[in-house]
file target36.txt (compact mmCIF, C-alpha atoms)
# COMPACT_ATOMS: atom_id res chain seq x y z
CA MET A 24 91.27 0.54 37.90
CA GLY A 25 87.75 1.88 38.09
CA TYR A 26 86.19 4.30 35.68
CA GLN A 27 85.46 7.69 37.25
CA LEU A 28 82.25 9.27 36.05
CA SER A 29 82.63 12.94 35.21
CA PHE A 30 79.92 14.91 33.48
CA THR A 31 81.65 18.31 33.42
CA GLN A 32 82.92 17.86 29.85
CA ILE A 33 79.44 16.85 28.73
CA TRP A 34 77.76 19.95 30.17
CA HIS A 35 80.58 22.00 28.72
CA ASN A 36 79.72 20.75 25.24
CA PHE A 37 76.03 20.28 25.86
CA ASP A 38 75.07 22.66 23.04
CA LYS A 39 76.32 20.03 20.55
CA LEU A 40 73.77 17.58 21.94
CA TRP A 41 70.97 20.10 22.38
CA TYR A 42 71.19 21.55 18.87
CA GLY A 43 71.70 18.03 17.60
CA LEU A 44 68.44 16.98 19.18
CA ILE A 45 66.62 19.94 17.67
CA LEU A 46 68.09 19.15 14.26
CA SER A 47 67.01 15.50 14.65
CA ILE A 48 63.44 16.58 15.31
CA GLU A 49 63.55 19.03 12.41
CA LEU A 50 64.87 16.38 10.03
CA ALA A 51 62.11 14.00 11.10
CA LEU A 52 59.47 16.72 10.71
CA VAL A 53 60.53 17.71 7.20
CA ALA A 54 60.86 14.05 6.20
CA ILE A 55 57.41 13.12 7.44
CA ALA A 56 55.87 16.17 5.75
CA ILE A 57 57.38 15.32 2.36
CA GLY A 58 56.87 11.62 2.98
CA ALA A 59 53.19 12.18 3.76
CA LEU A 60 52.83 14.09 0.50
CA ILE A 61 54.46 11.23 -1.43
CA GLY A 62 52.52 8.62 0.51
CA LEU A 63 49.16 10.31 0.12
CA THR A 64 49.59 10.95 -3.60
CA LEU A 65 50.65 7.37 -4.27
CA ALA A 66 47.93 5.94 -2.02
CA ILE A 67 45.22 7.85 -3.88
CA LEU A 68 46.79 6.78 -7.18
CA TYR A 69 46.91 3.20 -5.94
CA VAL A 70 43.25 2.93 -5.01
CA SER A 71 42.10 4.62 -8.20
CA SER A 72 44.37 3.11 -10.85
CA GLY A 73 44.80 -0.03 -12.84
CA ARG A 74 47.16 -2.91 -12.39
CA ILE A 75 50.30 -1.39 -13.92
CA VAL A 76 50.35 1.72 -11.73
CA ARG A 77 49.60 -0.45 -8.70
CA ALA A 78 52.51 -2.76 -9.51
CA MET A 79 54.84 0.22 -9.86
CA ILE A 80 53.77 1.68 -6.52
CA SER A 81 54.10 -1.72 -4.83
CA GLY A 82 57.55 -2.04 -6.37
CA TYR A 83 58.65 1.25 -4.82
CA VAL A 84 57.17 0.34 -1.43
CA GLU A 85 58.66 -3.15 -1.34
CA PHE A 86 62.08 -2.00 -2.52
CA ILE A 87 62.43 0.74 0.08
CA ARG A 88 61.05 -1.36 2.91
CA ASN A 89 63.43 -4.23 2.27
CA VAL A 90 66.70 -2.33 1.94
CA PRO A 91 68.64 -0.98 4.96
CA LEU A 92 68.23 2.76 5.46
CA LEU A 93 71.99 3.06 5.85
CA LEU A 94 72.49 1.77 2.30
CA LEU A 95 69.85 4.16 0.95
CA VAL A 96 71.61 7.05 2.70
CA TYR A 97 74.93 6.10 1.10
CA LEU A 98 73.29 5.52 -2.25
CA VAL A 99 71.70 8.96 -2.36
CA PHE A 100 74.66 10.83 -0.88
CA TYR A 101 77.63 9.11 -2.55
CA GLY A 102 76.04 7.18 -5.41
CA LEU A 103 73.49 9.44 -7.10
CA PRO A 104 75.78 12.45 -7.74
CA THR A 105 78.11 10.17 -9.76
CA VAL A 106 75.41 9.38 -12.33
CA VAL A 107 73.13 12.42 -12.23
CA ASP A 108 74.49 15.94 -12.42
CA ILE A 109 73.18 17.25 -9.11
CA ARG A 110 74.95 18.73 -6.12
CA TYR A 111 73.57 18.77 -2.63
CA GLY A 112 74.81 18.91 0.92
CA ALA A 113 74.58 16.13 3.44
CA GLN A 114 71.48 17.52 5.11
CA VAL A 115 69.48 17.93 1.92
CA SER A 116 70.60 14.51 0.77
CA PHE A 117 69.55 12.93 4.06
CA VAL A 118 66.18 14.66 4.15
CA ALA A 119 65.53 13.49 0.60
CA THR A 120 66.45 9.92 1.54
CA LEU A 121 64.36 9.92 4.69
CA SER A 122 61.40 11.42 2.83
CA ILE A 123 61.51 8.72 0.16
CA TYR A 124 61.94 6.16 2.92
CA SER A 125 59.02 7.41 4.98
CA GLY A 126 56.94 7.80 1.82
CA ALA A 127 57.16 4.06 1.25
CA TYR A 128 55.88 3.33 4.75
CA LEU A 129 53.17 5.98 4.56
CA VAL A 130 51.75 4.69 1.25
CA GLU A 131 50.74 1.56 3.13
CA VAL A 132 49.38 3.57 6.06
CA PHE A 133 47.27 5.84 3.88
CA ARG A 134 46.15 3.05 1.60
CA SER A 135 44.73 1.02 4.46
CA GLY A 136 43.31 4.26 5.89
CA LEU A 137 41.49 4.98 2.63
CA ASP A 138 40.16 1.43 2.61
CA ALA A 139 38.98 1.79 6.20
CA VAL A 140 36.70 4.74 5.44
CA PRO A 141 33.20 3.29 5.89
CA ARG A 142 31.41 2.62 2.62
CA GLY A 143 28.26 4.30 3.97
CA LEU A 144 30.00 7.66 4.28
CA LEU A 145 30.97 7.63 0.61
CA ASP A 146 27.47 6.55 -0.40
CA ALA A 147 26.03 9.34 1.73
CA GLY A 148 28.31 11.80 -0.04
CA LYS A 149 27.09 10.47 -3.38
CA ALA A 150 23.47 10.75 -2.25
CA MET A 151 24.07 14.40 -1.35
CA GLY A 152 25.19 15.00 -4.91
CA LEU A 153 28.90 15.56 -4.25
CA THR A 154 31.20 15.12 -7.23
CA PRO A 155 33.92 12.43 -6.97
CA TRP A 156 36.49 15.11 -6.19
CA GLN A 157 34.34 16.59 -3.47
CA ARG A 158 33.75 13.15 -2.00
CA LEU A 159 37.50 12.59 -1.86
CA LEU A 160 38.27 16.03 -0.45
CA TYR A 161 35.45 16.43 2.06
CA VAL A 162 34.55 12.88 3.01
CA ARG A 163 37.27 10.35 2.34
CA LEU A 164 40.44 12.30 3.18
CA PRO A 165 39.26 13.89 6.46
CA THR A 166 37.98 10.54 7.72
CA MET A 167 41.17 8.83 6.60
CA ALA A 168 43.29 11.46 8.37
CA ARG A 169 41.60 10.68 11.67
CA ILE A 170 41.89 6.93 11.18
CA THR A 171 45.57 7.07 10.26
CA LEU A 172 46.67 9.48 13.00
CA PRO A 173 47.98 6.74 15.37
CA SER A 174 50.04 5.14 12.58
CA LEU A 175 51.32 8.56 11.58
CA SER A 176 52.58 9.30 15.06
CA ASN A 177 54.26 5.89 15.26
CA THR A 178 55.94 6.56 11.92
CA PHE A 179 57.08 9.95 13.16
CA ILE A 180 58.66 8.46 16.28
CA SER A 181 60.51 5.83 14.28
CA LEU A 182 61.69 8.48 11.80
CA PHE A 183 62.96 10.53 14.73
CA LYS A 184 65.05 7.55 15.78
CA ASP A 185 66.17 6.90 12.20
CA THR A 186 67.65 10.40 11.99
CA SER A 187 70.57 8.98 14.01
CA ILE A 188 71.75 7.39 10.74
CA ALA A 189 72.41 10.91 9.40
CA SER A 190 75.52 10.94 11.58
CA VAL A 191 77.30 8.65 9.10
CA ILE A 192 77.30 11.42 6.50
CA ALA A 193 78.26 14.03 9.12
CA VAL A 194 74.92 15.73 9.56
CA PRO A 195 75.35 17.36 13.00
CA GLU A 196 72.32 15.75 14.68
CA LEU A 197 72.19 14.21 18.13
CA THR A 198 74.17 11.02 17.47
CA PHE A 199 76.81 13.01 15.60
CA GLY A 200 77.03 15.41 18.54
CA ALA A 201 77.56 12.43 20.84
CA GLN A 202 80.37 11.10 18.65
CA TRP A 203 81.91 14.56 18.40
CA ILE A 204 82.06 14.92 22.17
CA ASN A 205 83.22 11.32 22.54
CA ASN A 206 86.10 11.87 20.12
CA ARG A 207 87.28 15.00 21.92
CA THR A 208 86.74 14.24 25.57
CA PHE A 209 86.68 10.42 25.75
CA ARG A 210 83.86 10.64 28.32
CA ILE A 211 82.32 7.64 26.57
CA VAL A 212 79.96 6.30 29.19
CA GLU A 213 78.68 9.72 30.18
CA VAL A 214 78.08 10.98 26.66
CA TYR A 215 76.09 7.91 25.63
CA ALA A 216 74.17 7.92 28.90
CA VAL A 217 73.12 11.53 28.32
CA THR A 218 72.36 10.90 24.65
CA THR A 219 70.24 7.87 25.48
CA VAL A 220 68.26 9.83 28.05
CA MET A 221 67.77 12.64 25.52
CA TYR A 222 66.46 10.27 22.86
CA LEU A 223 64.16 8.57 25.35
CA ALA A 224 62.86 11.79 26.88
CA ALA A 225 62.29 13.49 23.53
CA GLY A 226 60.76 10.37 22.00
CA TYR A 227 58.33 9.75 24.82
CA LEU A 228 57.42 13.44 25.16
CA ILE A 229 56.58 13.61 21.46
CA LEU A 230 54.68 10.33 21.70
CA PHE A 231 52.73 11.60 24.70
CA GLY A 232 51.79 14.81 22.89
CA LEU A 233 50.71 12.89 19.79
CA ARG A 234 48.61 10.49 21.89
CA LEU A 235 46.74 13.48 23.34
CA LEU A 236 46.16 14.70 19.80
CA GLU A 237 44.92 11.26 18.80
CA ARG A 238 42.45 11.19 21.66
CA ARG A 239 41.14 14.57 20.57
CA PHE A 240 40.56 13.38 17.00
CA ARG A 241 39.68 9.75 17.61
CA VAL A 242 37.02 8.25 15.38
CA ASP A 243 34.33 6.44 17.35
CA ARG A 244 33.40 3.53 15.23
CA MET B 22 79.66 -0.81 -15.06
CA LEU B 23 78.47 -4.39 -15.09
CA GLU B 24 82.05 -5.68 -15.03
CA ALA B 25 82.63 -3.84 -11.77
CA ILE B 26 79.79 -5.74 -10.17
CA ILE B 27 80.77 -9.12 -11.59
CA TYR B 28 84.42 -8.56 -10.71
CA SER B 29 83.60 -7.69 -7.12
CA LEU B 30 80.89 -10.31 -6.68
CA PRO B 31 83.03 -12.92 -4.86
CA TYR B 32 84.14 -10.23 -2.43
CA LEU B 33 80.58 -9.07 -1.88
CA MET B 34 79.54 -12.65 -1.21
CA GLY B 35 82.11 -12.84 1.57
CA GLY B 36 80.52 -9.77 3.11
CA LEU B 37 77.09 -11.25 2.60
CA GLY B 38 78.22 -14.30 4.58
CA MET B 39 79.08 -12.05 7.50
CA THR B 40 75.74 -10.23 7.20
CA LEU B 41 73.91 -13.55 7.29
CA LEU B 42 76.03 -14.84 10.18
CA VAL B 43 75.33 -11.73 12.27
CA SER B 44 71.62 -11.89 11.45
CA LEU B 45 71.45 -15.58 12.23
CA ILE B 46 73.11 -15.27 15.65
CA VAL B 47 70.98 -12.24 16.50
CA VAL B 48 67.77 -13.94 15.44
CA ALA B 49 68.56 -17.13 17.35
CA LEU B 50 69.64 -15.41 20.57
CA SER B 51 66.79 -12.93 20.52
CA LEU B 52 64.26 -15.70 19.92
CA VAL B 53 65.33 -17.55 23.06
CA ALA B 54 65.68 -14.43 25.20
CA GLY B 55 62.51 -12.89 23.80
CA VAL B 56 60.31 -15.92 24.44
CA VAL B 57 61.61 -16.33 28.01
CA LEU B 58 61.24 -12.64 28.83
CA GLY B 59 57.93 -12.44 26.98
CA VAL B 60 56.49 -15.20 29.15
CA GLY B 61 57.96 -13.37 32.16
CA LEU B 62 56.21 -10.20 31.04
CA ILE B 63 52.82 -11.91 30.93
CA TYR B 64 52.90 -14.39 33.80
CA GLY B 65 55.75 -13.12 36.01
CA PRO B 66 55.39 -11.36 39.37
CA LEU B 67 54.84 -7.61 39.26
CA PRO B 68 58.47 -6.48 39.90
CA LEU B 69 59.71 -8.73 37.09
CA ARG B 70 56.98 -7.47 34.76
CA LEU B 71 57.90 -3.87 35.48
CA LEU B 72 61.57 -4.59 34.95
CA ILE B 73 60.98 -6.25 31.57
CA ARG B 74 58.60 -3.46 30.53
CA LEU B 75 61.23 -0.87 31.44
CA LEU B 76 63.91 -2.74 29.52
CA THR B 77 61.87 -3.14 26.34
CA ASP B 78 60.56 0.43 26.40
CA CYS B 79 64.06 1.82 26.84
CA VAL B 80 65.58 -0.36 24.13
CA ARG B 81 62.76 0.44 21.72
CA GLY B 82 62.96 4.13 22.57
CA ILE B 83 66.52 4.72 21.39
CA PRO B 84 67.93 4.37 17.87
CA ILE B 85 69.72 1.09 17.14
CA LEU B 86 72.76 3.05 16.06
CA VAL B 87 73.04 4.69 19.49
CA LEU B 88 72.54 1.29 21.11
CA ILE B 89 75.36 -0.15 19.01
CA PHE B 90 77.74 2.71 19.82
CA ALA B 91 76.79 2.65 23.50
CA VAL B 92 77.55 -1.08 23.74
CA TYR B 93 80.72 -0.88 21.64
CA TYR B 94 82.28 2.21 23.22
CA GLY B 95 80.52 2.21 26.56
CA LEU B 96 81.15 -1.30 27.88
CA PRO B 97 84.99 -1.42 27.79
CA PRO B 98 85.40 1.45 30.31
CA LEU B 99 83.00 -0.44 32.57
CA GLY B 100 85.32 -3.43 32.43
CA LEU B 101 83.70 -5.57 29.73
CA ASN B 102 85.84 -5.88 26.62
CA LEU B 103 83.95 -7.10 23.59
CA SER B 104 85.25 -7.41 20.05
CA SER B 105 83.44 -5.23 17.52
CA PHE B 106 81.67 -8.34 16.21
CA TRP B 107 80.24 -9.36 19.58
CA ALA B 108 79.46 -5.79 20.58
CA ALA B 109 77.40 -5.43 17.42
CA VAL B 110 75.72 -8.79 17.96
CA LEU B 111 74.93 -7.91 21.58
CA ALA B 112 73.40 -4.54 20.66
CA LEU B 113 71.34 -5.95 17.80
CA THR B 114 70.22 -8.84 20.02
CA LEU B 115 69.02 -6.40 22.69
CA PHE B 116 67.06 -4.50 20.07
CA LYS B 117 65.61 -7.64 18.53
CA THR B 118 64.78 -9.20 21.90
CA ALA B 119 62.62 -6.18 22.75
CA GLN B 120 60.77 -6.80 19.48
CA VAL B 121 60.32 -10.52 20.10
CA ILE B 122 58.97 -9.81 23.60
CA GLU B 123 56.26 -7.66 22.02
CA TYR B 124 55.40 -10.35 19.45
CA VAL B 125 55.16 -12.96 22.21
CA ARG B 126 53.02 -10.68 24.36
CA GLY B 127 50.71 -9.97 21.44
CA ALA B 128 50.44 -13.60 20.42
CA VAL B 129 49.91 -15.05 23.89
CA SER B 130 47.44 -12.41 25.05
CA SER B 131 45.34 -13.06 21.94
CA ILE B 132 44.57 -16.54 23.32
CA PRO B 133 41.27 -16.41 25.27
CA GLY B 134 41.68 -16.66 29.06
CA GLY B 135 39.38 -19.67 29.16
CA GLN B 136 42.12 -21.78 27.58
CA MET B 137 44.43 -21.19 30.54
CA GLU B 138 41.62 -21.89 32.99
CA ALA B 139 40.59 -25.06 31.21
CA ALA B 140 44.20 -26.26 31.25
CA LYS B 141 44.41 -25.50 34.95
CA SER B 142 41.20 -27.36 35.67
CA ILE B 143 42.44 -30.55 34.07
CA GLY B 144 45.47 -30.38 36.35
CA LEU B 145 48.30 -29.33 34.03
CA ILE B 146 51.25 -27.62 35.70
CA PHE B 147 52.43 -24.22 34.43
CA SER B 148 55.06 -25.51 31.99
CA GLN B 149 52.60 -28.06 30.61
CA ARG B 150 49.93 -25.40 30.19
CA LEU B 151 52.34 -23.33 28.14
CA ARG B 152 53.68 -26.25 26.16
CA TYR B 153 50.49 -28.08 25.31
CA VAL B 154 47.80 -25.38 25.41
CA ILE B 155 49.04 -21.83 24.99
CA PHE B 156 52.08 -22.09 22.70
CA PRO B 157 50.55 -24.34 20.02
CA GLN B 158 47.78 -21.78 19.58
CA ALA B 159 49.91 -18.67 20.00
CA ILE B 160 52.49 -19.73 17.42
CA ARG B 161 50.10 -18.93 14.58
CA ARG B 162 49.91 -15.35 15.81
CA PHE B 163 53.61 -15.21 16.53
CA LEU B 164 55.15 -16.63 13.37
CA PRO B 165 54.06 -14.14 10.67
CA PRO B 166 55.19 -10.94 12.46
CA TRP B 167 58.31 -12.67 13.72
CA ILE B 168 59.46 -13.77 10.27
CA ASN B 169 58.69 -10.29 8.99
CA GLY B 170 60.76 -8.95 11.88
CA VAL B 171 63.75 -11.01 10.78
CA THR B 172 64.09 -8.48 7.95
CA ASP B 173 64.74 -5.88 10.66
CA ALA B 174 67.65 -7.97 11.89
CA VAL B 175 69.08 -8.24 8.36
CA LYS B 176 68.59 -4.51 7.75
CA GLY B 177 69.93 -3.64 11.19
CA SER B 178 73.01 -5.77 10.57
CA ALA B 179 74.12 -3.20 7.97
CA LEU B 180 74.91 -0.94 10.93
CA VAL B 181 77.68 -3.29 12.12
CA SER B 182 79.71 -1.90 9.22
CA LEU B 183 80.09 1.27 11.30
CA LEU B 184 82.08 -0.73 13.86
CA GLY B 185 84.39 -2.04 11.17
CA VAL B 186 82.91 -5.52 10.88
CA VAL B 187 83.31 -6.56 7.25
CA ASP B 188 79.71 -7.33 6.33
CA LEU B 189 77.98 -6.75 2.99
CA MET B 190 77.75 -2.98 3.60
CA THR B 191 81.48 -2.71 4.42
CA ALA B 192 82.37 -4.90 1.46
CA ILE B 193 80.41 -2.61 -0.86
CA ASN B 194 82.12 0.48 0.53
CA GLN B 195 85.53 -1.14 0.24
CA VAL B 196 84.98 -2.10 -3.39
CA ILE B 197 83.81 1.44 -4.10
CA GLY B 198 86.93 2.73 -2.37
CA ARG B 199 88.96 0.92 -5.01
CA THR B 200 86.87 1.18 -8.16
CA TYR B 201 85.10 4.53 -7.62
CA GLU B 202 82.04 2.92 -9.18
CA ALA B 203 79.66 4.04 -6.46
CA MET B 204 76.25 3.77 -8.07
CA PRO B 205 76.36 0.28 -9.63
CA LEU B 206 77.71 -1.22 -6.42
CA TYR B 207 75.17 0.43 -4.15
CA VAL B 208 72.41 -0.72 -6.50
CA ALA B 209 73.84 -4.24 -6.52
CA GLY B 210 74.00 -4.19 -2.73
CA ALA B 211 70.46 -2.92 -2.49
CA LEU B 212 69.30 -5.75 -4.74
CA ILE B 213 71.05 -8.36 -2.61
CA TYR B 214 69.45 -7.02 0.57
CA PHE B 215 66.15 -6.80 -1.25
CA ALA B 216 66.33 -10.41 -2.43
CA ILE B 217 66.86 -11.69 1.12
CA ASN B 218 64.32 -9.49 2.84
CA TYR B 219 61.66 -9.74 0.18
CA SER B 220 61.67 -13.51 0.38
CA LEU B 221 61.33 -13.27 4.14
CA SER B 222 58.45 -10.79 4.04
CA SER B 223 56.72 -12.80 1.31
CA MET B 224 57.01 -15.89 3.48
CA SER B 225 55.51 -13.94 6.36
CA ARG B 226 52.55 -12.85 4.24
CA LEU B 227 52.05 -16.38 2.98
CA LEU B 228 51.96 -17.76 6.52
CA GLU B 229 49.63 -15.01 7.62
CA ARG B 230 47.18 -15.97 4.90
CA ARG B 231 47.65 -19.63 5.78
CA PHE B 232 46.78 -18.97 9.43
CA ALA B 233 44.04 -16.45 8.68
CA TYR B 234 41.29 -19.08 8.93
CA ILE B 235 41.60 -19.13 12.70
CA LYS B 236 39.05 -16.75 14.10
CA GLU B 237 37.67 -16.48 17.56
call {"tool": "encode", "arguments": {"input": "target36.txt", "output": "structure tokens"}}
result
Amino acid sequence: MGYQLSFTQIWHNFDKLWYGLILSIELALVAIAIGALIGLTLAILYVSSGRIVRAMISGYVEFIRNVPLLLLVYLVFYGLPTVVDIRYGAQVSFVATLSIYSGAYLVEVFRSGLDAVPRGLLDAGKAMGLTPWQRLLYVRLPTMARITLPSLSNTFISLFKDTSIASVIAVPELTFGAQWINNRTFRIVEVYAVTTVMYLAAGYLILFGLRLLERRFRVDR
Amino acid sequence: MLEAIIYSLPYLMGGLGMTLLVSLIVVALSLVAGVVLGVGLIYGPLPLRLLIRLLTDCVRGIPILVLIFAVYYGLPPLGLNLSSFWAAVLALTLFKTAQVIEYVRGAVSSIPGGQMEAAKSIGLIFSQRLRYVIFPQAIRRFLPPWINGVTDAVKGSALVSLLGVVDLMTAINQVIGRTYEAMPLYVAGALIYFAINYSLSSMSRLLERRFAYIKE
């Protein structure tokens, strides 16, 4: 008995996938924004602090990077509320997890970006009589931003893919939409074919846009 | 709180065994497939190169979770019945193979072209050129990222719990289902994963430093 392809049920429920995709992108956007804030703060702290602060930051980075995201999602959603008196929904919980997760990756990105700012630029800033804060704000950070842009876009793409994990705590993003349709219509092959194409198309479109942006801001060294 | 962890430890270790088994099979299969396809990507004829490029870009472009569901739910209607274990292993292997192909490509293309030409000029055939000239040099570039990438296989193996395979992640959730001690068990699980992956990534860094003396 052959399997008859039929996409009618998929188009019928396509809004589940479409809004799921949009939610996936939104989750990734919020997570990278908060994650960048965490990453940047910790990276600046790292390069300007002593051994103890550095060890603590490394501890955070290493811990997050070496534990499965799925476990972190469970830990924050099911585990944390049992010990701390906080209440949040699945979406907030997931965004918090993904932000902390991306923060750990971005610390490394920003730290190497800060290190890659040419020494001469900082010396030039000093020679102009800029204060340390001004040197950081007007010389080091803008240069770092341009150096780290490619890594940032790669991180964003991988966060976009990681949002699929949100489906395990019933956040209605793209993968959850696929499962929802699958459970109701049993058009298994079709729904995953469409979902795969949506992830690929969205991922490569975003990547393409970011690459254009990178070319615009590339540092010629 | 601590009793819960100690009490459930033997059960968690059973799950850990499954996690390690899945990771091990995935790593072994993807190493073989990745090296073969990676060599195909560099030296193969154009159609083959395009095909491998398409495969890796597609696999890397979708979330592993979707890949796992697509293999697990999508293959049976097409006539291929896999158990949840093998479906998970197949999906993770596809994902990991795409990674290994990239490592191989990076490592081999970092070897100067003159090496290949020199090997040709002394009359080595293709397999000899790879075996005696290219691979011994490329392995130093390949090993550190590859070992680091094994952590991805271990982390990715947590997703097999969603297909009902009783790995470490499932074991943790099952213990929590009985004891309602969510936090200590998730923390214990995180520490177990951390211990495995941190040793792997430390080993990768160590090797990288060890091989760092080789400069063109």
call {"tool": "interface_residues", "arguments": {"input": "target36.txt", "of": "chain A", "to": "chain B", "cutoff": "6 Å", "atoms": "only C-alpha atoms", "output": "list in words"}}
result
Asn89, Val90, Pro91, Leu98, Gly102, Lys184, Ile211, Val212, Tyr215, Tyr222 and Leu223 of chain A
call {"tool": "residues_around", "arguments": {"input": "target36.txt", "residues": "range 47-62 of chain A", "least_positions_apart": "3", "cutoff": "9 Å", "atoms": "only C-alpha atoms", "output": "ChimeraX atom specification"}}
result
/A:42-44,65-67,114,117-134,175,178-187,189,195-198,225
call {"tool": "write_last_selection", "arguments": {"input": "target36.txt", "atoms": "C-alpha atoms", "output": "PDB file, keeping the file's coordinate frame"}}
result
ATOM      1  CA  TYR A  42      71.190  21.550  18.870  1.00  0.00           C
ATOM      2  CA  GLY A  43      71.700  18.030  17.600  1.00  0.00           C
ATOM      3  CA  LEU A  44      68.440  16.980  19.180  1.00  0.00           C
ATOM      4  CA  LEU A  65      50.650   7.370  -4.270  1.00  0.00           C
ATOM      5  CA  ALA A  66      47.930   5.940  -2.020  1.00  0.00           C
ATOM      6  CA  ILE A  67      45.220   7.850  -3.880  1.00  0.00           C
ATOM      7  CA  GLN A 114      71.480  17.520   5.110  1.00  0.00           C
ATOM      8  CA  PHE A 117      69.550  12.930   4.060  1.00  0.00           C
ATOM      9  CA  VAL A 118      66.180  14.660   4.150  1.00  0.00           C
ATOM     10  CA  ALA A 119      65.530  13.490   0.600  1.00  0.00           C
ATOM     11  CA  THR A 120      66.450   9.920   1.540  1.00  0.00           C
ATOM     12  CA  LEU A 121      64.360   9.920   4.690  1.00  0.00           C
ATOM     13  CA  SER A 122      61.400  11.420   2.830  1.00  0.00           C
ATOM     14  CA  ILE A 123      61.510   8.720   0.160  1.00  0.00           C
ATOM     15  CA  TYR A 124      61.940   6.160   2.920  1.00  0.00           C
ATOM     16  CA  SER A 125      59.020   7.410   4.980  1.00  0.00           C
ATOM     17  CA  GLY A 126      56.940   7.800   1.820  1.00  0.00           C
ATOM     18  CA  ALA A 127      57.160   4.060   1.250  1.00  0.00           C
ATOM     19  CA  TYR A 128      55.880   3.330   4.750  1.00  0.00           C
ATOM     20  CA  LEU A 129      53.170   5.980   4.560  1.00  0.00           C
ATOM     21  CA  VAL A 130      51.750   4.690   1.250  1.00  0.00           C
ATOM     22  CA  GLU A 131      50.740   1.560   3.130  1.00  0.00           C
ATOM     23  CA  VAL A 132      49.380   3.570   6.060  1.00  0.00           C
ATOM     24  CA  PHE A 133      47.270   5.840   3.880  1.00  0.00           C
ATOM     25  CA  ARG A 134      46.150   3.050   1.600  1.00  0.00           C
ATOM     26  CA  LEU A 175      51.320   8.560  11.580  1.00  0.00           C
ATOM     27  CA  THR A 178      55.940   6.560  11.920  1.00  0.00           C
ATOM     28  CA  PHE A 179      57.080   9.950  13.160  1.00  0.00           C
ATOM     29  CA  ILE A 180      58.660   8.460  16.280  1.00  0.00           C
ATOM     30  CA  SER A 181      60.510   5.830  14.280  1.00  0.00           C
ATOM     31  CA  LEU A 182      61.690   8.480  11.800  1.00  0.00           C
ATOM     32  CA  PHE A 183      62.960  10.530  14.730  1.00  0.00           C
ATOM     33  CA  LYS A 184      65.050   7.550  15.780  1.00  0.00           C
ATOM     34  CA  ASP A 185      66.170   6.900  12.200  1.00  0.00           C
ATOM     35  CA  THR A 186      67.650  10.400  11.990  1.00  0.00           C
ATOM     36  CA  SER A 187      70.570   8.980  14.010  1.00  0.00           C
ATOM     37  CA  ALA A 189      72.410  10.910   9.400  1.00  0.00           C
ATOM     38  CA  PRO A 195      75.350  17.360  13.000  1.00  0.00           C
ATOM     39  CA  GLU A 196      72.320  15.750  14.680  1.00  0.00           C
ATOM     40  CA  LEU A 197      72.190  14.210  18.130  1.00  0.00           C
ATOM     41  CA  THR A 198      74.170  11.020  17.470  1.00  0.00           C
ATOM     42  CA  ALA A 225      62.290  13.490  23.530  1.00  0.00           C
TER      43      ALA A 225
END
call {"tool": "residues_around", "arguments": {"input": "target36.txt", "residues": "Ile73 in chain B", "least_positions_apart": "5", "cutoff": "10 Å", "atoms": "all atoms listed in the file", "output": "MDAnalysis selection string"}}
result
chainID B and resid 58:59 61:63 65 67:68 78:79 119 122
call {"tool": "atom_distance", "arguments": {"input": "target36.txt", "atom1": "CA of Phe232 in chain B", "atom2": "CA of Pro166 in chain B"}}
result
12.0 Å
call {"tool": "axis_aligned_box", "arguments": {"input": "target36.txt", "around": "range 129-137 of chain A", "padding_each_side": "4 Å", "output": "lines of an AutoDock Vina configuration file"}}
result
center_x = 47.3
center_y = 3.5
center_z = 3.7
size_x = 19.7
size_y = 13.0
size_z = 12.8
call {"tool": "residues_around", "arguments": {"input": "target36.txt", "residues": "Leu151 in chain B", "least_positions_apart": "6", "cutoff": "10 Å", "atoms": "all atoms listed in the file", "output": "list in words"}}
result
Val60, Val129, Met137, Ala140, Leu145, Pro157, Gln158 and Ala159 of chain B
call {"tool": "closest_residue", "arguments": {"input": "target36.txt", "among": "A:Trp34, A:Ala193, A:Asp146, A:Leu40", "to": "Thr219 in chain A", "atoms": "all atoms listed in the file"}}
result
A:Leu40
call {"tool": "atom_distance", "arguments": {"input": "target36.txt", "atom1": "CA of Leu28 in chain A", "atom2": "CA of Phe116 in chain B"}}
result
26.0 Å
call {"tool": "atom_distance", "arguments": {"input": "target36.txt", "atom1": "CA of Glu237 in chain A", "atom2": "CA of Gly136 in chain A"}}
result
14.8 Å
call {"tool": "closest_residue", "arguments": {"input": "target36.txt", "among": "B:Arg162, B:Lys141, B:Arg226, B:Lys117", "to": "Val48 in chain B", "atoms": "all atoms listed in the file"}}
result
B:Lys117
call {"tool": "residues_around", "arguments": {"input": "target36.txt", "residues": "Phe209 in chain A", "least_positions_apart": "3", "cutoff": "12 Å", "atoms": "only C-alpha atoms", "output": "compact mmCIF listing (two decimals) with C-alpha atoms, in the coordinates of the input"}}
result
# COMPACT_ATOMS: atom_id res chain seq x y z
CA TYR A 26 86.19 4.30 35.68
CA GLN A 27 85.46 7.69 37.25
CA LEU A 28 82.25 9.27 36.05
CA SER A 29 82.63 12.94 35.21
CA PHE A 30 79.92 14.91 33.48
CA GLN A 32 82.92 17.86 29.85
CA ILE A 33 79.44 16.85 28.73
CA ALA A 201 77.56 12.43 20.84
CA GLN A 202 80.37 11.10 18.65
CA TRP A 203 81.91 14.56 18.40
CA ILE A 204 82.06 14.92 22.17
CA ASN A 205 83.22 11.32 22.54
CA ASN A 206 86.10 11.87 20.12
CA VAL A 212 79.96 6.30 29.19
CA GLU A 213 78.68 9.72 30.18
CA VAL A 214 78.08 10.98 26.66
CA TYR A 215 76.09 7.91 25.63
CA TYR B 94 82.28 2.21 23.22
CA GLY B 95 80.52 2.21 26.56
CA PRO B 98 85.40 1.45 30.31
